[in-house]
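K.L.:
I am attaching a structure below and will ask some questions about it afterwards.
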Amino acid sequence: MQIPRIFVLFCAQLVLALALPSLAGAGLPRAASVPGGVALVSLGPVSARPPRAWLGEQQVLVAAEGGQWVAVVGLALDTLPGAHELRVDEAGVTRTVRFSVKPKDYPEQRITLKDNSKVQLSTSDLERVEGEIANIQRLKRHWREAEDTDTGFILPTTGRLTGRFGVRRFFNGEARAPHAGFDIAAARGTPVRANAQGIVLAADDYFFNGNSVFVDHGNGLISLYCHLERIDVQPGELVSKGQRIGLSGMSGRATGPHLHWSVVLNGAMVDPELFVAVPGKSR
Ligand SMILES: [Zn+2]
């Protein structure tokens, strides 16, 4: 397909912009085959049953688009640029499909926190955090086979867009994990809404993330909403697109009230901006 990429992006943006806020399934995320991005890998013409595909051990989302099966592959921030491959199983026949990942440089950010106890952790806090990290890793790898996965997201709350995805962060001068989500500076008590339908996978209080909700959209696509003041849903609950799941706040490690929103795809944290038309932003 030799359609100019800029035209495709423009059309995708236009469709998403017109579709907001209510349309379900407004198309696939924008392709960005970079660490922290989403690769769209064609798996051939649509047939009766979708092929299944894996990146390493992790099954990946397969969707139909323009008469083709397309693997929608989440690429973790630590993915090495270069050649990668999917293992594809179609009607019992296994094959390999290659795709390439380009490098991407993310900017740096230096953050000063007055409460140093959220930077230099006590032994008991460290133990708590280690347990939570293991739990979050397990939740990120969760796979629920679903008939349809809506990848046309609405923004989960209103406010200024502050923290971009992928920024390499230093807290009080010390290097920490890159920013694996998207920050919206929503005032305390602003409703936070499910960006697409799904099932609540977990709703809990975490040391860094504060009150957090995981929504499983099916087929390895999961949203995570953090620093909530209040959680309004319970694990196992079915939520519809736009349904309130809680109120924004600044629980956990936050310098001010905001919503931190992460998107997980096949276990990888990817840039949420690829799934939405971001108002007031040019590309
Ligand atoms: Zn954040």
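Going through the structure tokens in order, the chains are called A, B, and so on, while each chain numbers its residues from 1 and the ligands are numbered from 1 in the order shown.
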Residues within 9 Å of ligand 1 (only C-alpha atoms and all ligand atoms), as a CSV table (one decimal) with C-alpha atoms, in the first residue's frame?
P.N.:
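Final file, selection05.csv:
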```csv
chain,number,residue,atom,x,y,z
A,162,THR,CA,1.1,17.5,31.1
A,163,GLY,CA,3.3,14.4,31.2
A,164,ARG,CA,4.1,12.7,27.9
A,165,PHE,CA,4.8,9.0,27.5
A,179,HIS,CA,7.3,7.7,32.3
A,180,ALA,CA,5.1,4.8,31.0
A,181,GLY,CA,1.9,6.7,30.7
A,182,PHE,CA,0.2,9.9,29.9
A,183,ASP,CA,-0.7,12.6,32.5
A,184,ILE,CA,-3.8,14.8,32.4
A,209,ASN,CA,0.4,4.7,41.7
A,226,CYS,CA,-3.7,6.0,38.7
A,227,HIS,CA,-3.6,8.5,41.6
A,254,ALA,CA,2.2,12.6,42.7
A,258,HIS,CA,-3.6,14.5,37.9
A,259,LEU,CA,-4.7,11.4,36.2
A,260,HIS,CA,-1.9,9.1,35.1
A,261,TRP,CA,-3.2,6.8,32.4
A,262,SER,CA,-1.2,3.9,31.0
```
K.L.:
So which residues of region 61-197 of chain A fall under strand (DSSP E) by DSSP, listed as a VMD selection string?
P.N.:
chain A and resid 61 to 65 68 to 74 82 to 90 93 to 101 108 to 111 160 to 161 168 to 171 174 to 175 182 to 185 191 to 193
K.L.:
With C-alpha atoms retained, export the selected residues as a PDB file, in the first residue's frame.
P.N.:
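After the write, result02.pdb holds the following:
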```
ATOM      1  CA  LEU A  61      -4.153  -8.656  19.453  1.00  0.00           C
ATOM      2  CA  VAL A  62      -5.254  -9.475  15.888  1.00  0.00           C
ATOM      3  CA  ALA A  63      -7.882  -7.250  14.234  1.00  0.00           C
ATOM      4  CA  ALA A  64      -9.469  -7.001  10.803  1.00  0.00           C
ATOM      5  CA  GLU A  65      -8.772  -3.765   8.922  1.00  0.00           C
ATOM      6  CA  GLN A  68      -6.556  -7.741   6.105  1.00  0.00           C
ATOM      7  CA  TRP A  69      -5.794  -9.399   9.405  1.00  0.00           C
ATOM      8  CA  VAL A  70      -3.496  -7.048  11.256  1.00  0.00           C
ATOM      9  CA  ALA A  71      -1.422  -7.889  14.343  1.00  0.00           C
ATOM     10  CA  VAL A  72      -1.562  -4.888  16.682  1.00  0.00           C
ATOM     11  CA  VAL A  73       1.749  -5.319  18.497  1.00  0.00           C
ATOM     12  CA  GLY A  74       2.720  -3.434  21.634  1.00  0.00           C
ATOM     13  CA  GLY A  82      16.009  -3.802  14.398  1.00  0.00           C
ATOM     14  CA  ALA A  83      14.308  -6.923  13.087  1.00  0.00           C
ATOM     15  CA  HIS A  84      11.670  -8.709  15.173  1.00  0.00           C
ATOM     16  CA  GLU A  85       9.304 -11.545  14.415  1.00  0.00           C
ATOM     17  CA  LEU A  86       5.857 -12.786  15.251  1.00  0.00           C
ATOM     18  CA  ARG A  87       4.955 -16.445  15.461  1.00  0.00           C
ATOM     19  CA  VAL A  88       1.662 -16.853  13.626  1.00  0.00           C
ATOM     20  CA  ASP A  89      -0.636 -19.837  13.835  1.00  0.00           C
ATOM     21  CA  GLU A  90      -3.357 -20.136  11.195  1.00  0.00           C
ATOM     22  CA  VAL A  93       0.011 -24.038  10.337  1.00  0.00           C
ATOM     23  CA  THR A  94       2.728 -22.034  12.044  1.00  0.00           C
ATOM     24  CA  ARG A  95       4.790 -19.399  10.236  1.00  0.00           C
ATOM     25  CA  THR A  96       7.018 -16.450  11.073  1.00  0.00           C
ATOM     26  CA  VAL A  97       6.225 -12.871  10.101  1.00  0.00           C
ATOM     27  CA  ARG A  98       8.989 -10.297  10.359  1.00  0.00           C
ATOM     28  CA  PHE A  99       8.703  -6.608  11.116  1.00  0.00           C
ATOM     29  CA  SER A 100      11.199  -3.910  12.003  1.00  0.00           C
ATOM     30  CA  VAL A 101      11.465  -1.485  14.915  1.00  0.00           C
ATOM     31  CA  GLU A 108      14.528  13.880  29.785  1.00  0.00           C
ATOM     32  CA  GLN A 109      12.713  15.382  32.745  1.00  0.00           C
ATOM     33  CA  ARG A 110      14.034  16.289  36.223  1.00  0.00           C
ATOM     34  CA  ILE A 111      11.492  16.248  39.042  1.00  0.00           C
ATOM     35  CA  ARG A 160      -4.326  19.985  30.449  1.00  0.00           C
ATOM     36  CA  LEU A 161      -2.079  17.290  29.024  1.00  0.00           C
ATOM     37  CA  ARG A 168      13.204   9.626  30.959  1.00  0.00           C
ATOM     38  CA  ARG A 169      12.748  10.798  34.544  1.00  0.00           C
ATOM     39  CA  PHE A 170      15.067  11.758  37.366  1.00  0.00           C
ATOM     40  CA  PHE A 171      13.535  12.147  40.834  1.00  0.00           C
ATOM     41  CA  GLU A 174      18.196   9.932  40.690  1.00  0.00           C
ATOM     42  CA  ALA A 175      17.365   8.060  37.482  1.00  0.00           C
ATOM     43  CA  PHE A 182       0.163   9.914  29.940  1.00  0.00           C
ATOM     44  CA  ASP A 183      -0.686  12.630  32.497  1.00  0.00           C
ATOM     45  CA  ILE A 184      -3.774  14.812  32.429  1.00  0.00           C
ATOM     46  CA  ALA A 185      -3.822  17.606  35.022  1.00  0.00           C
ATOM     47  CA  PRO A 191     -14.723  12.198  36.907  1.00  0.00           C
ATOM     48  CA  VAL A 192     -12.414   9.604  35.339  1.00  0.00           C
ATOM     49  CA  ARG A 193     -14.104   7.519  32.655  1.00  0.00           C
TER      50      ARG A 193
END
```
K.L.:
DSSP on the backbone, then: every residue of region 18-190 of chain A marked alpha helix (DSSP H), written as a list of chain:residue names.
P.N.:
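Here are the alpha helix (DSSP H) residues of region 18-190 of chain A: A:Leu18, A:Ala19, A:Thr123, A:Ser124, A:Asp125, A:Leu126, A:Glu127, A:Arg128, A:Val129, A:Glu130, A:Gly131, A:Glu132, A:Ile133, A:Ala134, A:Asn135, A:Ile136, A:Gln137, A:Arg138, A:Leu139, A:Lys140.
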K.L.:
Okay, now the selection with N, CA and C atoms, as a PDB file, in the first residue's frame?
P.N.:
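Result file follows (selection26.pdb):
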```
ATOM      1  N   LEU A  18     -13.987  13.377  14.656  1.00  0.00           N
ATOM      2  CA  LEU A  18     -15.425  13.452  14.415  1.00  0.00           C
ATOM      3  C   LEU A  18     -16.167  12.437  15.268  1.00  0.00           C
ATOM      4  N   ALA A  19     -15.493  11.309  15.509  1.00  0.00           N
ATOM      5  CA  ALA A  19     -16.148  10.214  16.213  1.00  0.00           C
ATOM      6  C   ALA A  19     -16.262  10.488  17.712  1.00  0.00           C
ATOM      7  N   THR A 123      12.812   0.193  54.394  1.00  0.00           N
ATOM      8  CA  THR A 123      12.816  -1.255  54.115  1.00  0.00           C
ATOM      9  C   THR A 123      11.392  -1.783  53.970  1.00  0.00           C
ATOM     10  N   SER A 124      10.486  -1.341  54.845  1.00  0.00           N
ATOM     11  CA  SER A 124       9.111  -1.872  54.772  1.00  0.00           C
ATOM     12  C   SER A 124       8.405  -1.378  53.505  1.00  0.00           C
ATOM     13  N   ASP A 125       8.678  -0.113  53.114  1.00  0.00           N
ATOM     14  CA  ASP A 125       8.084   0.391  51.870  1.00  0.00           C
ATOM     15  C   ASP A 125       8.625  -0.387  50.669  1.00  0.00           C
ATOM     16  N   LEU A 126       9.958  -0.677  50.724  1.00  0.00           N
ATOM     17  CA  LEU A 126      10.572  -1.432  49.624  1.00  0.00           C
ATOM     18  C   LEU A 126       9.920  -2.793  49.453  1.00  0.00           C
ATOM     19  N   GLU A 127       9.657  -3.456  50.587  1.00  0.00           N
ATOM     20  CA  GLU A 127       9.006  -4.770  50.539  1.00  0.00           C
ATOM     21  C   GLU A 127       7.625  -4.665  49.923  1.00  0.00           C
ATOM     22  N   ARG A 128       6.905  -3.630  50.334  1.00  0.00           N
ATOM     23  CA  ARG A 128       5.554  -3.423  49.803  1.00  0.00           C
ATOM     24  C   ARG A 128       5.623  -3.198  48.288  1.00  0.00           C
ATOM     25  N   VAL A 129       6.568  -2.315  47.893  1.00  0.00           N
ATOM     26  CA  VAL A 129       6.686  -1.975  46.468  1.00  0.00           C
ATOM     27  C   VAL A 129       7.062  -3.203  45.636  1.00  0.00           C
ATOM     28  N   GLU A 130       7.973  -4.037  46.157  1.00  0.00           N
ATOM     29  CA  GLU A 130       8.377  -5.237  45.406  1.00  0.00           C
ATOM     30  C   GLU A 130       7.189  -6.162  45.174  1.00  0.00           C
ATOM     31  N   GLY A 131       6.367  -6.325  46.204  1.00  0.00           N
ATOM     32  CA  GLY A 131       5.167  -7.160  46.079  1.00  0.00           C
ATOM     33  C   GLY A 131       4.211  -6.584  45.052  1.00  0.00           C
ATOM     34  N   GLU A 132       4.066  -5.256  45.087  1.00  0.00           N
ATOM     35  CA  GLU A 132       3.145  -4.596  44.146  1.00  0.00           C
ATOM     36  C   GLU A 132       3.644  -4.704  42.714  1.00  0.00           C
ATOM     37  N   ILE A 133       4.964  -4.569  42.534  1.00  0.00           N
ATOM     38  CA  ILE A 133       5.521  -4.657  41.177  1.00  0.00           C
ATOM     39  C   ILE A 133       5.245  -6.040  40.587  1.00  0.00           C
ATOM     40  N   ALA A 134       5.428  -7.081  41.413  1.00  0.00           N
ATOM     41  CA  ALA A 134       5.172  -8.448  40.930  1.00  0.00           C
ATOM     42  C   ALA A 134       3.699  -8.598  40.549  1.00  0.00           C
ATOM     43  N   ASN A 135       2.832  -8.023  41.366  1.00  0.00           N
ATOM     44  CA  ASN A 135       1.390  -8.092  41.105  1.00  0.00           C
ATOM     45  C   ASN A 135       1.034  -7.347  39.808  1.00  0.00           C
ATOM     46  N   ILE A 136       1.612  -6.159  39.643  1.00  0.00           N
ATOM     47  CA  ILE A 136       1.332  -5.355  38.444  1.00  0.00           C
ATOM     48  C   ILE A 136       1.847  -6.076  37.191  1.00  0.00           C
ATOM     49  N   GLN A 137       3.033  -6.707  37.298  1.00  0.00           N
ATOM     50  CA  GLN A 137       3.575  -7.461  36.157  1.00  0.00           C
ATOM     51  C   GLN A 137       2.607  -8.564  35.728  1.00  0.00           C
ATOM     52  N   ARG A 138       2.028  -9.226  36.729  1.00  0.00           N
ATOM     53  CA  ARG A 138       1.080 -10.316  36.451  1.00  0.00           C
ATOM     54  C   ARG A 138      -0.175  -9.745  35.769  1.00  0.00           C
ATOM     55  N   LEU A 139      -0.668  -8.619  36.273  1.00  0.00           N
ATOM     56  CA  LEU A 139      -1.871  -8.001  35.692  1.00  0.00           C
ATOM     57  C   LEU A 139      -1.617  -7.561  34.243  1.00  0.00           C
ATOM     58  N   LYS A 140      -0.410  -7.027  33.986  1.00  0.00           N
ATOM     59  CA  LYS A 140      -0.080  -6.542  32.643  1.00  0.00           C
ATOM     60  C   LYS A 140      -0.085  -7.676  31.609  1.00  0.00           C
TER      61      LYS A 140
END
```
K.L.:
Any idea what's packed within 7 Å of region 235-251 of chain A, counting only C-alpha atoms, ignoring anything in its chain fewer than 3 positions away? Could you give it as number ranges by chain?
P.N.:
A: 186-203, 210-211, 227-232, 254, 256-259
K.L.:
Which residue out of A:Leu265, A:Val167, A:Gly92, A:Ile222 has the minimum interatomic distance to Gln58 (chain A) when only C-alpha atoms are used?
P.N.:
A:Leu265
K.L.:
One number please: CA of Asp150 (chain A) to CA of Ala91 (chain A), in Å, one decimal.
P.N.:
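Between these atoms lies a distance of 25.0 Å.
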K.L.:
Mind pulling up the distance from CA of Gly218 (chain A) to CA of Val46 (chain A)?
P.N.:
20.2 Å
